[in-house]
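**Q** The file below is data-v1.pdb, PDB, C-alpha atoms:
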```
ATOM      1  CA  MET A   1      -9.875  -5.034 -62.512
ATOM      2  CA  GLU A   2      -8.294  -5.962 -59.208
ATOM      3  CA  SER A   3      -6.697  -3.106 -57.310
ATOM      4  CA  ARG A   4      -2.998  -3.088 -56.471
ATOM      5  CA  GLY A   5      -3.821  -3.137 -52.767
ATOM      6  CA  PHE A   6      -5.955  -6.256 -53.180
ATOM      7  CA  LYS A   7      -3.150  -8.063 -55.000
ATOM      8  CA  ILE A   8      -0.700  -7.155 -52.247
ATOM      9  CA  LEU A   9      -3.178  -8.391 -49.615
ATOM     10  CA  VAL A  10      -3.539 -11.730 -51.414
ATOM     11  CA  LYS A  11       0.240 -12.166 -51.668
ATOM     12  CA  VAL A  12       0.720 -11.300 -47.986
ATOM     13  CA  SER A  13      -2.035 -13.753 -46.996
ATOM     14  CA  VAL A  14      -0.432 -16.536 -49.021
ATOM     15  CA  ALA A  15       2.982 -15.773 -47.504
ATOM     16  CA  LEU A  16       1.597 -15.811 -43.943
ATOM     17  CA  THR A  17      -0.200 -19.093 -44.587
ATOM     18  CA  LEU A  18       2.980 -20.716 -45.894
ATOM     19  CA  VAL A  19       4.957 -19.401 -42.919
ATOM     20  CA  PHE A  20       2.328 -20.757 -40.515
ATOM     21  CA  LEU A  21       2.438 -24.185 -42.171
ATOM     22  CA  TYR A  22       6.150 -24.635 -42.776
ATOM     23  CA  VAL A  23       8.042 -22.820 -40.022
ATOM     24  CA  PRO A  24       7.362 -25.617 -37.466
ATOM     25  CA  ILE A  25       8.517 -28.210 -40.003
ATOM     26  CA  SER A  26      11.644 -26.175 -40.713
ATOM     27  CA  ILE A  27      12.459 -26.070 -36.999
ATOM     28  CA  VAL A  28      12.220 -29.872 -36.774
ATOM     29  CA  VAL A  29      14.574 -30.180 -39.747
ATOM     30  CA  LEU A  30      17.070 -27.767 -38.154
ATOM     31  CA  TYR A  31      17.025 -29.637 -34.835
ATOM     32  CA  ALA A  32      17.858 -32.868 -36.680
ATOM     33  CA  PHE A  33      21.300 -31.302 -37.259
ATOM     34  CA  ASN A  34      21.678 -29.958 -33.713
ATOM     35  CA  ASP A  35      24.846 -31.229 -32.034
ATOM     36  CA  SER A  36      23.337 -30.974 -28.548
ATOM     37  CA  VAL A  37      20.700 -33.246 -27.026
ATOM     38  CA  ALA A  38      19.051 -30.203 -25.479
ATOM     39  CA  GLN A  39      16.810 -28.349 -27.905
ATOM     40  CA  ALA A  40      17.889 -24.823 -27.094
ATOM     41  CA  TRP A  41      17.591 -21.881 -29.447
ATOM     42  CA  PRO A  42      19.639 -20.694 -31.206
ATOM     43  CA  ILE A  43      21.497 -23.846 -32.222
ATOM     44  CA  GLN A  44      25.179 -23.560 -31.296
ATOM     45  CA  GLU A  45      26.719 -26.326 -33.423
ATOM     46  CA  PHE A  46      25.494 -28.426 -36.316
ATOM     47  CA  THR A  47      26.240 -32.103 -36.952
ATOM     48  CA  THR A  48      25.021 -35.099 -38.933
ATOM     49  CA  LYS A  49      25.909 -37.685 -36.280
ATOM     50  CA  TRP A  50      22.273 -38.285 -35.319
ATOM     51  CA  PHE A  51      21.520 -39.665 -38.784
ATOM     52  CA  GLY A  52      24.014 -42.487 -38.281
ATOM     53  CA  ILE A  53      22.760 -43.132 -34.746
ATOM     54  CA  ALA A  54      19.172 -43.271 -35.969
ATOM     55  CA  TRP A  55      20.026 -45.664 -38.797
ATOM     56  CA  ARG A  56      21.814 -48.033 -36.395
ATOM     57  CA  ASN A  57      18.896 -47.977 -33.957
ATOM     58  CA  PRO A  58      17.205 -51.437 -34.133
ATOM     59  CA  GLN A  59      13.814 -49.978 -33.222
ATOM     60  CA  VAL A  60      13.993 -47.497 -36.090
ATOM     61  CA  ARG A  61      14.856 -50.264 -38.557
ATOM     62  CA  GLU A  62      12.062 -52.487 -37.279
ATOM     63  CA  ALA A  63       9.570 -49.614 -37.418
ATOM     64  CA  LEU A  64      10.669 -48.647 -40.943
ATOM     65  CA  ALA A  65      10.304 -52.212 -42.230
ATOM     66  CA  ASN A  66       6.831 -52.523 -40.683
ATOM     67  CA  SER A  67       5.688 -49.142 -42.004
ATOM     68  CA  LEU A  68       6.841 -49.936 -45.546
ATOM     69  CA  GLU A  69       5.229 -53.390 -45.446
ATOM     70  CA  VAL A  70       1.913 -52.024 -44.168
ATOM     71  CA  ALA A  71       1.884 -49.106 -46.625
ATOM     72  CA  ILE A  72       2.622 -51.314 -49.639
ATOM     73  CA  ILE A  73       0.015 -53.964 -48.769
ATOM     74  CA  ALA A  74      -2.638 -51.378 -47.856
ATOM     75  CA  THR A  75      -1.974 -49.544 -51.123
ATOM     76  CA  LEU A  76      -2.375 -52.748 -53.150
ATOM     77  CA  PHE A  77      -5.675 -53.507 -51.391
ATOM     78  CA  ALA A  78      -6.826 -49.942 -52.019
ATOM     79  CA  LEU A  79      -5.881 -50.110 -55.697
ATOM     80  CA  VAL A  80      -7.952 -53.236 -56.303
ATOM     81  CA  LEU A  81     -10.983 -52.404 -54.162
ATOM     82  CA  GLY A  82     -11.020 -48.650 -54.742
ATOM     83  CA  SER A  83     -10.697 -48.955 -58.513
ATOM     84  CA  ALA A  84     -13.337 -51.712 -58.674
ATOM     85  CA  ALA A  85     -15.753 -49.611 -56.620
ATOM     86  CA  ALA A  86     -15.135 -46.565 -58.820
ATOM     87  CA  PHE A  87     -15.868 -48.546 -61.989
ATOM     88  CA  ALA A  88     -19.021 -50.062 -60.493
ATOM     89  CA  VAL A  89     -20.422 -46.719 -59.304
ATOM     90  CA  HIS A  90     -19.531 -44.905 -62.519
ATOM     91  CA  ARG A  91     -20.554 -47.506 -65.091
ATOM     92  CA  PHE A  92     -23.738 -49.039 -63.657
ATOM     93  CA  ARG A  93     -27.041 -47.397 -62.792
ATOM     94  CA  PHE A  94     -28.701 -48.979 -59.767
ATOM     95  CA  PHE A  95     -30.915 -48.042 -56.854
ATOM     96  CA  GLY A  96     -28.958 -46.373 -54.054
ATOM     97  CA  ARG A  97     -25.890 -45.592 -56.190
ATOM     98  CA  ASN A  98     -25.421 -42.159 -54.612
ATOM     99  CA  THR A  99     -25.779 -43.699 -51.151
ATOM    100  CA  VAL A 100     -23.099 -46.261 -51.957
ATOM    101  CA  SER A 101     -20.807 -43.485 -53.188
ATOM    102  CA  PHE A 102     -21.434 -41.538 -49.977
ATOM    103  CA  LEU A 103     -20.708 -44.589 -47.798
ATOM    104  CA  LEU A 104     -17.446 -45.196 -49.667
ATOM    105  CA  ILE A 105     -16.267 -41.638 -49.006
ATOM    106  CA  LEU A 106     -17.515 -41.428 -45.405
ATOM    107  CA  PRO A 107     -14.591 -43.222 -43.650
ATOM    108  CA  ILE A 108     -12.109 -40.481 -44.550
ATOM    109  CA  ALA A 109     -14.522 -37.794 -43.309
ATOM    110  CA  LEU A 110     -15.045 -39.433 -39.916
ATOM    111  CA  PRO A 111     -12.689 -38.458 -37.073
ATOM    112  CA  GLY A 112      -9.768 -40.849 -36.971
ATOM    113  CA  ILE A 113     -10.407 -41.702 -33.329
ATOM    114  CA  VAL A 114     -13.946 -42.885 -34.149
ATOM    115  CA  THR A 115     -12.688 -45.147 -36.929
ATOM    116  CA  ALA A 116      -9.878 -46.406 -34.687
ATOM    117  CA  ILE A 117     -12.210 -47.314 -31.823
ATOM    118  CA  ALA A 118     -14.623 -49.059 -34.204
ATOM    119  CA  LEU A 119     -11.798 -51.075 -35.741
ATOM    120  CA  ASN A 120     -10.342 -51.975 -32.358
ATOM    121  CA  THR A 121     -13.715 -53.222 -31.129
ATOM    122  CA  THR A 122     -14.311 -55.254 -34.284
ATOM    123  CA  ILE A 123     -10.845 -56.816 -34.181
ATOM    124  CA  ASN A 124     -11.329 -57.777 -30.543
ATOM    125  CA  ASN A 125     -14.781 -59.243 -31.230
ATOM    126  CA  PHE A 126     -13.419 -61.413 -34.038
ATOM    127  CA  GLN A 127     -10.357 -62.264 -31.911
ATOM    128  CA  ILE A 128      -7.898 -61.363 -34.666
ATOM    129  CA  PRO A 129      -4.320 -61.121 -33.347
ATOM    130  CA  PHE A 130      -3.040 -57.553 -33.473
ATOM    131  CA  GLY A 131      -0.164 -57.040 -35.871
ATOM    132  CA  VAL A 132       0.632 -56.117 -39.457
ATOM    133  CA  LEU A 133      -2.636 -57.618 -40.741
ATOM    134  CA  THR A 134      -4.825 -55.543 -38.432
ATOM    135  CA  ILE A 135      -2.892 -52.373 -39.260
ATOM    136  CA  VAL A 136      -3.398 -53.079 -42.968
ATOM    137  CA  ILE A 137      -7.137 -53.559 -42.395
ATOM    138  CA  GLY A 138      -7.282 -50.246 -40.553
ATOM    139  CA  HIS A 139      -5.287 -48.329 -43.153
ATOM    140  CA  ALA A 140      -7.271 -49.796 -46.024
ATOM    141  CA  THR A 141     -10.410 -48.047 -44.728
ATOM    142  CA  PHE A 142      -9.083 -44.635 -45.786
ATOM    143  CA  CYS A 143      -6.662 -45.713 -48.537
ATOM    144  CA  ILE A 144      -9.586 -47.147 -50.524
ATOM    145  CA  VAL A 145     -11.300 -43.763 -50.345
ATOM    146  CA  VAL A 146      -8.259 -41.973 -51.784
ATOM    147  CA  VAL A 147      -7.989 -44.332 -54.752
ATOM    148  CA  TYR A 148     -11.766 -44.312 -55.274
ATOM    149  CA  ASN A 149     -11.919 -40.503 -55.368
ATOM    150  CA  ASN A 150      -9.063 -40.237 -57.871
ATOM    151  CA  VAL A 151     -10.315 -42.950 -60.202
ATOM    152  CA  ILE A 152     -13.984 -41.945 -60.262
ATOM    153  CA  ALA A 153     -13.076 -38.291 -60.812
ATOM    154  CA  ARG A 154     -11.012 -39.280 -63.842
ATOM    155  CA  LEU A 155     -13.696 -41.640 -65.149
ATOM    156  CA  ARG A 156     -16.207 -38.788 -65.041
ATOM    157  CA  ARG A 157     -13.825 -36.680 -67.137
ATOM    158  CA  THR A 158     -13.204 -39.443 -69.681
ATOM    159  CA  PRO A 159     -15.428 -39.106 -72.776
ATOM    160  CA  THR A 160     -17.847 -42.059 -72.965
ATOM    161  CA  SER A 161     -17.633 -41.796 -76.733
ATOM    162  CA  LEU A 162     -14.180 -43.402 -76.598
ATOM    163  CA  VAL A 163     -15.551 -46.570 -75.003
ATOM    164  CA  GLU A 164     -18.557 -46.619 -77.339
ATOM    165  CA  ALA A 165     -16.332 -46.227 -80.399
ATOM    166  CA  SER A 166     -14.100 -49.065 -79.220
ATOM    167  CA  MET A 167     -17.050 -51.402 -78.736
ATOM    168  CA  ASP A 168     -18.540 -50.387 -82.099
ATOM    169  CA  LEU A 169     -15.272 -51.299 -83.800
ATOM    170  CA  GLY A 170     -15.480 -54.823 -82.420
ATOM    171  CA  ALA A 171     -13.287 -54.659 -79.306
ATOM    172  CA  ASP A 172     -14.378 -56.798 -76.365
ATOM    173  CA  GLY A 173     -14.506 -55.553 -72.771
ATOM    174  CA  TRP A 174     -10.913 -56.480 -71.952
ATOM    175  CA  GLN A 175      -9.523 -54.876 -75.116
ATOM    176  CA  THR A 176     -11.527 -51.710 -74.481
ATOM    177  CA  PHE A 177     -10.223 -51.523 -70.937
ATOM    178  CA  ARG A 178      -6.626 -52.231 -71.955
ATOM    179  CA  TYR A 179      -6.348 -49.882 -74.921
ATOM    180  CA  VAL A 180      -8.898 -47.149 -74.145
ATOM    181  CA  THR A 181     -10.062 -46.959 -70.551
ATOM    182  CA  PHE A 182      -6.863 -47.709 -68.660
ATOM    183  CA  PRO A 183      -4.631 -45.332 -70.700
ATOM    184  CA  SER A 184      -7.170 -42.609 -69.904
ATOM    185  CA  ILE A 185      -7.123 -43.194 -66.131
ATOM    186  CA  ARG A 186      -3.631 -44.539 -65.459
ATOM    187  CA  THR A 187      -2.254 -41.297 -64.001
ATOM    188  CA  ALA A 188      -5.260 -41.090 -61.660
ATOM    189  CA  VAL A 189      -4.649 -44.681 -60.544
ATOM    190  CA  VAL A 190      -0.946 -44.019 -59.927
ATOM    191  CA  ALA A 191      -1.687 -40.724 -58.147
ATOM    192  CA  GLY A 192      -4.245 -42.451 -55.920
ATOM    193  CA  ALA A 193      -1.761 -45.198 -55.099
ATOM    194  CA  LEU A 194       0.963 -42.692 -54.204
ATOM    195  CA  LEU A 195      -1.379 -40.713 -51.944
ATOM    196  CA  ALA A 196      -2.624 -43.912 -50.299
ATOM    197  CA  PHE A 197       0.970 -44.999 -49.642
ATOM    198  CA  ALA A 198       1.841 -41.616 -48.141
ATOM    199  CA  LEU A 199      -1.247 -41.567 -45.894
ATOM    200  CA  SER A 200      -0.627 -45.112 -44.704
ATOM    201  CA  PHE A 201       3.067 -44.541 -44.010
ATOM    202  CA  ASP A 202       2.490 -41.704 -41.525
ATOM    203  CA  GLU A 203      -0.853 -42.731 -39.967
ATOM    204  CA  ILE A 204      -0.786 -42.735 -36.146
ATOM    205  CA  VAL A 205      -4.330 -42.615 -34.712
ATOM    206  CA  VAL A 206      -5.708 -45.737 -36.394
ATOM    207  CA  THR A 207      -2.328 -47.458 -36.032
ATOM    208  CA  ASN A 208      -2.297 -46.977 -32.261
ATOM    209  CA  PHE A 209      -5.613 -48.832 -31.941
ATOM    210  CA  THR A 210      -4.851 -51.638 -34.395
ATOM    211  CA  ALA A 211      -1.115 -52.331 -34.031
ATOM    212  CA  GLY A 212      -0.879 -53.964 -30.623
ATOM    213  CA  SER A 213       2.844 -54.277 -29.902
ATOM    214  CA  THR A 214       3.854 -53.886 -33.570
ATOM    215  CA  LEU A 215       6.079 -50.852 -34.012
ATOM    216  CA  THR A 216       5.761 -48.464 -36.946
ATOM    217  CA  ILE A 217       7.539 -45.192 -37.698
ATOM    218  CA  PRO A 218       4.693 -42.967 -36.401
ATOM    219  CA  LYS A 219       4.447 -45.094 -33.238
ATOM    220  CA  PHE A 220       8.202 -44.830 -32.725
ATOM    221  CA  ILE A 221       7.984 -41.039 -32.939
ATOM    222  CA  TYR A 222       4.968 -40.931 -30.618
ATOM    223  CA  ASN A 223       6.619 -43.191 -28.022
ATOM    224  CA  ASN A 224       9.997 -41.409 -27.984
ATOM    225  CA  VAL A 225       9.190 -37.727 -28.477
ATOM    226  CA  ARG A 226       8.384 -37.439 -24.749
ATOM    227  CA  LEU A 227      11.859 -38.705 -23.811
ATOM    228  CA  PRO A 228      14.339 -35.775 -23.932
ATOM    229  CA  ARG A 229      17.416 -37.881 -24.694
ATOM    230  CA  ASN A 230      15.694 -39.534 -27.671
ATOM    231  CA  ARG A 231      14.497 -36.311 -29.304
ATOM    232  CA  PRO A 232      17.503 -35.912 -31.669
ATOM    233  CA  VAL A 233      16.802 -39.359 -33.128
ATOM    234  CA  VAL A 234      13.101 -38.541 -33.293
ATOM    235  CA  ASN A 235      13.910 -35.364 -35.236
ATOM    236  CA  VAL A 236      15.985 -37.358 -37.728
ATOM    237  CA  VAL A 237      13.184 -39.900 -38.167
ATOM    238  CA  ALA A 238      10.719 -37.035 -38.628
ATOM    239  CA  VAL A 239      12.907 -35.588 -41.398
ATOM    240  CA  ALA A 240      12.970 -39.001 -43.093
ATOM    241  CA  VAL A 241       9.170 -39.169 -42.870
ATOM    242  CA  ILE A 242       8.897 -35.698 -44.423
ATOM    243  CA  LEU A 243      11.063 -36.808 -47.354
ATOM    244  CA  VAL A 244       9.145 -40.061 -47.806
ATOM    245  CA  MET A 245       5.877 -38.116 -47.752
ATOM    246  CA  PHE A 246       7.071 -35.317 -50.019
ATOM    247  CA  ILE A 247       8.110 -37.484 -52.957
ATOM    248  CA  PRO A 248       4.842 -39.412 -53.564
ATOM    249  CA  VAL A 249       2.652 -36.401 -52.768
ATOM    250  CA  TYR A 250       4.626 -34.200 -55.182
ATOM    251  CA  ILE A 251       4.439 -36.796 -57.954
ATOM    252  CA  ALA A 252       0.712 -37.314 -57.329
ATOM    253  CA  GLN A 253       0.127 -33.559 -57.487
ATOM    254  CA  ARG A 254       2.017 -33.343 -60.776
ATOM    255  CA  MET A 255      -0.060 -36.185 -62.194
ATOM    256  CA  ALA A 256      -3.380 -34.788 -60.986
ATOM    257  CA  GLY A 257      -3.845 -32.735 -64.149
ATOM    258  CA  GLY A 258      -4.572 -35.904 -66.040
ATOM    259  CA  PRO A 259      -3.019 -35.369 -69.471
ATOM    260  CA  ASP A 260      -3.987 -38.925 -70.393
ATOM    261  CA  VAL A 261      -7.627 -38.000 -70.975
ATOM    262  CA  ALA A 262      -6.812 -35.283 -73.478
ATOM    263  CA  SER A 263      -4.184 -37.480 -75.122
ATOM    264  CA  ALA A 264      -6.617 -40.359 -75.545
ATOM    265  CA  ALA A 265      -9.278 -38.060 -76.954
ATOM    266  CA  MET A 266      -6.831 -36.530 -79.458
ATOM    267  CA  LYS A 267      -5.734 -39.983 -80.631
ATOM    268  CA  ALA A 268      -9.349 -41.051 -81.046
ATOM    269  CA  GLU A 269     -10.201 -37.978 -83.101
ATOM    270  CA  ALA A 270      -7.070 -38.112 -85.262
ATOM    271  CA  PRO A 271      -7.594 -39.352 -88.804
ATOM    272  CA  PRO A 272      -6.131 -42.789 -89.650
TER
END
```
The structure given in the file should be rewritten as structure tokens.
**A**
Amino acid sequence: MESRGFKILVKVSVALTLVFLYVPISIVVLYAFNDSVAQAWPIQEFTTKWFGIAWRNPQVREALANSLEVAIIATLFALVLGSAAAFAVHRFRFFGRNTVSFLLILPIALPGIVTAIALNTTINNFQIPFGVLTIVIGHATFCIVVVYNNVIARLRRTPTSLVEASMDLGADGWQTFRYVTFPSIRTAVVAGALLAFALSFDEIVVTNFTAGSTLTIPKFIYNNVRLPRNRPVVNVVAVAVILVMFIPVYIAQRMAGGPDVASAAMKAEAPP
């Protein structure tokens, strides 16, 4: 039995952790509604005028379009390559399988600056023009890992008996994948895609080394946060980034439980 004091300590610790994480974000959100350019505390007057100014800013629009384009393309690449790698590692037994799995996960564990420098050097050596393509290549290095982790984790939780039963009943590989395997992993695939999109949309370290003169939302924030007169617009853009990040991450977290596996198993065990 846990003592009452221990329970109180746990609750206080959780509350302090949440305060530590979210108070700075809350301050940024409040300053987005500050009527003054100067960021003085307490805020004297609130306004929404900066939202209109930010939306009419051509740099913000250009950065938003580039960020969405990069995030979508990088996510599509990650879906194809990450899912294929997960199926290969999970389904086939071959020499060095664990090493391959480790190498697939390693890019997200490396410091971002190391990956960024490596990518920048490689792009320069191959003389690839910096732009959207190079940013996509850079973002794909960690987006693939996110999709791979989600898909292979779900595959390991999916009963192999479902696939075996499908094949025994005469289904070919495509039919088994379409009617058995994919329904069991679809929420993991979607969750991985949402997380990959969110990570790509707000990436700054790798983007700085692979973008050249191409402007993205994180680069816009980085370039303008040091300019006092531009900080209100930066705060508004930061709030937009928080909202864009919150939605896919929340949905991915809700889907992480993976009800599809249990559902597929129940359908397989149900009498005809």
**Q** Restricting the calculation to only C-alpha atoms, which member of A:Ala211, A:Asn224, A:Glu69, A:Ala188 is positioned closest to Gln253 (chain A)?
**A**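 Closest candidate: A:Ala188.
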**Q** Could you tell me which residues the PyMOL selection byres ((chain A and resi 78-95) around 9) grabs in this file, written as a ChimeraX atom specification?
**A** /A:73-77,96-101,104,140-153,155-156,189-190,192-193,196
**Q** Quick one: residues within 12 Å of region 127-137 of chain A, all atoms listed in the file, excluding same-chain residues fewer than 3 positions away - as a ChimeraX atom specification?
**A** /A:63,65-78,115-116,118-124,140-144,196-197,200-201,203-216,219
**Q** How many Å lie between CA of Asp35 (chain A) and CA of Thr47 (chain A), rounded to one decimal?
**A**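 Taking CA of Asp35 (chain A) and CA of Thr47 (chain A), their separation equals 5.2 Å.
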**Q** Within 12 Å of Leu243 (chain A), counting only C-alpha atoms, which residues qualify if same-chain residues fewer than 5 places away don't, as a list in words?
**A**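 Listing them by chain and then by number gives Ile25, Val29, Ala198, Phe201, Asp202, Val236, Val237, Ala238, Pro248, Val249 and Tyr250 of chain A.
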**Q** Using the chain letters and numbering of this document, enumerate as a short mmCIF file (atom, residue, chain, number, x, y, z; two decimals) with C-alpha atoms, in the coordinates of the input the residues selected by the PyMOL selection byres ((chain A and resi 233) around 10).
**A**
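Result file out.cif:
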```
data_model
loop_
_atom_site.label_atom_id
_atom_site.label_comp_id
_atom_site.auth_asym_id
_atom_site.auth_seq_id
_atom_site.Cartn_x
_atom_site.Cartn_y
_atom_site.Cartn_z
CA TYR A 31 17.02 -29.64 -34.84
CA ALA A 32 17.86 -32.87 -36.68
CA VAL A 37 20.70 -33.25 -27.03
CA LYS A 49 25.91 -37.68 -36.28
CA TRP A 50 22.27 -38.28 -35.32
CA PHE A 51 21.52 -39.66 -38.78
CA GLY A 52 24.01 -42.49 -38.28
CA ILE A 53 22.76 -43.13 -34.75
CA ALA A 54 19.17 -43.27 -35.97
CA TRP A 55 20.03 -45.66 -38.80
CA ASN A 57 18.90 -47.98 -33.96
CA VAL A 60 13.99 -47.50 -36.09
CA ILE A 221 7.98 -41.04 -32.94
CA ASN A 224 10.00 -41.41 -27.98
CA VAL A 225 9.19 -37.73 -28.48
CA ARG A 229 17.42 -37.88 -24.69
CA ASN A 230 15.69 -39.53 -27.67
CA ARG A 231 14.50 -36.31 -29.30
CA PRO A 232 17.50 -35.91 -31.67
CA VAL A 234 13.10 -38.54 -33.29
CA ASN A 235 13.91 -35.36 -35.24
CA VAL A 236 15.98 -37.36 -37.73
CA VAL A 237 13.18 -39.90 -38.17
CA ALA A 238 10.72 -37.03 -38.63
CA VAL A 239 12.91 -35.59 -41.40
#
```
**Q** Could you please determine the separation between CA of Phe33 (chain A) and CA of Thr48 (chain A) in Å, to one decimal place?
**A**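 Atom-to-atom, CA of Phe33 (chain A) to CA of Thr48 (chain A), that is 5.6 Å.
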**Q** For Asn34 (chain A), list every protein, DNA or RNA residue within 7 Å, evaluated using all atoms listed in the file, and leave out those in the same chain fewer than 6 positions away; present the list as a list in words.
**A** Ile43, Glu45, Phe46 and Thr47 of chain A
**Q** So what do you get for CA of Leu9 (chain A) versus CA of Tyr22 (chain A), distance-wise?
**A**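 Between these atoms lies a distance of 19.9 Å.
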